[in-house]
Every structure is written in structure tokens, then in C-alpha cells.
Amino acid sequence: MAPKKAKRRAGGGEGSSNVFSMFEQSQIQEYKEAFTIIDQNRDGIISKDDLRDVLASMGQLNVKNEELEAMIKEASGPINFTVFLTMFGEKLKGADPEDVIVSAFKVLDPEGTGFIKKQFLDELLTTQCDRFSAEEMKNLWAAFPPDVAGNVDYKNICYVITHGEEKEE
């Protein structure tokens with residue numbers, strides 16, 4: 001019986017047994033810290049009440065039950081740390097590596113400065129392909145404000161897209 005069980009675990013069913021290999025150790029630690037913050041009652045499971053409490057602590061006081069239930073239902077069962085990490089892995093699975101994203105921005109930066117003019121990026125994102133809404137642009141500039149000369153550090157944007165935090169320089 002034991003070999004069968006080991007084989008099943010190695011197979012990974014939903015891929016969760018190998019989820020830790022998807023991230024660097026530092027990323028796992030960051031996700032663990034986030035999980036601990038969200039798990040308000042410290043029972044090792046993120047519940048609807050945990051979500052409500054953490055959102056309230058961030059100023060979102062009137063979150064509807066339906067919204068919380070929809071968040072919880074994104075998981076296939078109780079959200080322990082492994083499930084939490086798996087959910088992030090699934091969300092990030094389609095993201096390109098940082099160097100690929102930086103290369104895409106470099107096309108718009110022929111001088112290789114690492115910056116793009118805010119006005120140029122604003123025009124591209126609101127008029128081409130999957131156009132950004134005014135709200136999305138507002139959120140973008142709030143997260144990545146241009147410098148006083150109107151330049152946007154696209155390498156920092158790429159780092160945040162792939163690592164989830166601002167690069168310390």
C-alpha cells in the first residue's frame with residue numbers, strides 16, 4: 001500500500017505537491033508572511049471571516065458576503081498555506097519571465113535609458129490593443145508614479161509584475 005500512496009503523492013493530483021518548487025525561498029517566505037496576515041484567527045486556514053477582518057483593517061468595511069464567498073470559492077477546498085501558494089502559482093503561471101517583459105519595453109526605449117515618457121506610455125495603453133480604462137491608468141500611475149521629468153521606470157514595473165514588490169535600489 002505504501003508504494004501506491006507515494007506514487008500518488010509524487011504524481012501531484014492537482015500539482016500542489018510541487019508548488020514549493022515554483023517559487024524561490026524568499027518568495028515563499030513573503031507569501032507565508034502574507035498568509036499569516038490574512039489568517040486573522042491564526043487557525044492555519046483562510047476563512048471568509050479572516051478575509052472580512054483583513055479587508056476591514058485595510059479600510060474596506062462594507063464588503064458583501066457574496067464577494068467574500070466568491071474569493072473563498074476560488075480554492076478547491078479549505079485555504080491552507082499550500083493551497084494559498086498553489087493559487088498564486090496558478091495566477092502567475094501565464095506571466096512571462098522578467099527578462100521577456102523588459103525586452104518588450106526596450107522596444108519602446110531605443111536609447112536604452114530604462115525609462116519611457118509617461119505621456120507616450122499613457123497614449124499606447126489607452127489607444128492600442130487591450131485598451132486601459134481611465135481607472136486602470138489612474139491605478140497604474142498611483143503604483144508607478146513618473147519622476148519629475150515625466151519618465152516611468154519600466155524596469156521597476158517589470159520587477160513588480162514578476163516579483164510582486166518594489167525593487168530596492
# chains A, B, ... in the order shown; residues from 1 in each chain; ligands from 1
>>> select_by_dssp(residues="chain A", states="strand (DSSP E or B)", output="short mmCIF file (atom, residue, chain, number, x, y, z; two decimals) with C-alpha atoms, in the first residue's frame")
data_model
loop_
_atom_site.label_atom_id
_atom_site.label_comp_id
_atom_site.auth_asym_id
_atom_site.auth_seq_id
_atom_site.Cartn_x
_atom_site.Cartn_y
_atom_site.Cartn_z
CA ILE A 46 -8.10 31.47 5.47
CA ILE A 79 -7.30 27.54 2.06
CA PHE A 115 12.66 54.89 -18.83
CA ILE A 116 9.68 55.69 -21.05
CA LYS A 117 7.85 59.01 -21.11
CA ASN A 151 9.71 59.42 -17.05
CA VAL A 152 8.44 56.00 -15.99
CA ASP A 153 10.92 53.37 -14.75
#
>>> residues_around(residues="Ser103 in chain A", least_positions_apart="4", cutoff="12 Å", atoms="only C-alpha atoms", output="PyMOL selection string")
chain A and resi 96-99+107-110+112+114+154-155+158
>>> write_last_selection(atoms="N, CA, C and O atoms", output="PDB file, in the first residue's frame")
ATOM      1  N   ASP A  96       5.029  36.113 -18.114  1.00  0.00           N
ATOM      2  CA  ASP A  96       6.326  35.911 -18.749  1.00  0.00           C
ATOM      3  C   ASP A  96       7.437  36.190 -17.751  1.00  0.00           C
ATOM      4  O   ASP A  96       7.255  36.948 -16.801  1.00  0.00           O
ATOM      5  N   PRO A  97       8.621  35.625 -17.979  1.00  0.00           N
ATOM      6  CA  PRO A  97       9.761  35.937 -17.119  1.00  0.00           C
ATOM      7  C   PRO A  97      10.122  37.422 -17.228  1.00  0.00           C
ATOM      8  O   PRO A  97       9.831  38.073 -18.244  1.00  0.00           O
ATOM      9  N   GLU A  98      10.778  37.937 -16.208  1.00  0.00           N
ATOM     10  CA  GLU A  98      11.110  39.367 -16.148  1.00  0.00           C
ATOM     11  C   GLU A  98      11.883  39.830 -17.377  1.00  0.00           C
ATOM     12  O   GLU A  98      11.576  40.881 -17.951  1.00  0.00           O
ATOM     13  N   ASP A  99      12.873  39.058 -17.826  1.00  0.00           N
ATOM     14  CA  ASP A  99      13.689  39.495 -18.964  1.00  0.00           C
ATOM     15  C   ASP A  99      12.874  39.623 -20.247  1.00  0.00           C
ATOM     16  O   ASP A  99      13.136  40.491 -21.077  1.00  0.00           O
ATOM     17  N   VAL A 107      11.856  47.822 -26.599  1.00  0.00           N
ATOM     18  CA  VAL A 107      11.475  48.208 -27.968  1.00  0.00           C
ATOM     19  C   VAL A 107      11.005  49.664 -27.985  1.00  0.00           C
ATOM     20  O   VAL A 107      11.211  50.384 -28.954  1.00  0.00           O
ATOM     21  N   LEU A 108      10.398  50.085 -26.874  1.00  0.00           N
ATOM     22  CA  LEU A 108       9.889  51.445 -26.771  1.00  0.00           C
ATOM     23  C   LEU A 108      10.942  52.418 -26.223  1.00  0.00           C
ATOM     24  O   LEU A 108      10.662  53.597 -26.039  1.00  0.00           O
ATOM     25  N   ASP A 109      12.145  51.920 -25.958  1.00  0.00           N
ATOM     26  CA  ASP A 109      13.224  52.705 -25.366  1.00  0.00           C
ATOM     27  C   ASP A 109      14.495  52.522 -26.191  1.00  0.00           C
ATOM     28  O   ASP A 109      15.449  51.879 -25.747  1.00  0.00           O
ATOM     29  N   PRO A 110      14.533  53.082 -27.406  1.00  0.00           N
ATOM     30  CA  PRO A 110      15.673  52.843 -28.299  1.00  0.00           C
ATOM     31  C   PRO A 110      17.017  53.321 -27.738  1.00  0.00           C
ATOM     32  O   PRO A 110      18.061  52.790 -28.085  1.00  0.00           O
ATOM     33  N   GLY A 112      17.879  53.019 -24.636  1.00  0.00           N
ATOM     34  CA  GLY A 112      18.251  52.126 -23.550  1.00  0.00           C
ATOM     35  C   GLY A 112      18.398  52.812 -22.202  1.00  0.00           C
ATOM     36  O   GLY A 112      19.232  52.416 -21.389  1.00  0.00           O
ATOM     37  N   GLY A 114      16.114  52.904 -19.774  1.00  0.00           N
ATOM     38  CA  GLY A 114      15.379  52.241 -18.691  1.00  0.00           C
ATOM     39  C   GLY A 114      14.105  53.005 -18.334  1.00  0.00           C
ATOM     40  O   GLY A 114      13.397  52.635 -17.404  1.00  0.00           O
ATOM     41  N   TYR A 154      10.397  51.616 -16.355  1.00  0.00           N
ATOM     42  CA  TYR A 154       9.729  50.373 -16.759  1.00  0.00           C
ATOM     43  C   TYR A 154      10.400  49.132 -16.191  1.00  0.00           C
ATOM     44  O   TYR A 154       9.755  48.105 -16.027  1.00  0.00           O
ATOM     45  N   LYS A 155      11.677  49.201 -15.853  1.00  0.00           N
ATOM     46  CA  LYS A 155      12.343  48.037 -15.249  1.00  0.00           C
ATOM     47  C   LYS A 155      11.735  47.746 -13.878  1.00  0.00           C
ATOM     48  O   LYS A 155      11.590  46.589 -13.499  1.00  0.00           O
ATOM     49  N   CYS A 158       8.423  46.005 -14.457  1.00  0.00           N
ATOM     50  CA  CYS A 158       8.654  44.597 -14.806  1.00  0.00           C
ATOM     51  C   CYS A 158       9.002  43.778 -13.571  1.00  0.00           C
ATOM     52  O   CYS A 158       8.538  42.654 -13.410  1.00  0.00           O
TER      53      CYS A 158
END
>>> residues_around(residues="Gly44 in chain A", least_positions_apart="4", cutoff="8 Å", atoms="only C-alpha atoms", output="PyMOL selection string")
chain A and resi 39+80-81
>>> write_last_selection(atoms="N, CA and C atoms", output="compact mmCIF listing (two decimals), in the first residue's frame")
# COMPACT_ATOMS: atom_id res chain seq x y z
N ASP A 39 -4.65 35.31 7.68
CA ASP A 39 -5.22 34.33 8.62
C ASP A 39 -5.35 34.99 9.99
N ASN A 80 -5.42 26.43 3.13
CA ASN A 80 -4.26 26.40 4.00
C ASN A 80 -3.10 27.03 3.22
N PHE A 81 -1.89 27.03 3.80
CA PHE A 81 -0.78 27.71 3.12
C PHE A 81 -0.44 27.09 1.78
>>> select_by_dssp(residues="chain A", states="alpha helix (DSSP H)", output="JSON, numbers by chain")
{"A": [2, 3, 4, 5, 6, 7, 8, 9, 10, 11, 25, 26, 27, 28, 29, 30, 31, 32, 33, 34, 35, 36, 37, 38, 48, 49, 50, 51, 52, 53, 54, 55, 56, 57, 65, 66, 67, 68, 69, 70, 71, 72, 81, 82, 83, 84, 85, 86, 87, 88, 89, 90, 91, 92, 98, 99, 100, 101, 102, 103, 104, 105, 106, 118, 119, 120, 121, 122, 123, 124, 125, 126, 127, 134, 135, 136, 137, 138, 139, 140, 141, 142, 143, 154, 155, 156, 157, 158, 159, 160, 161, 162, 163]}
>>> atom_distance(atom1="CA of Glu135 in chain A", atom2="CA of Ala56 in chain A")
22.6 Å
>>> closest_residue(among="A:Gln119, A:Ala134, A:Lys64, A:Ile157", to="Ile101 in chain A", atoms="only C-alpha atoms")
A:Ile157
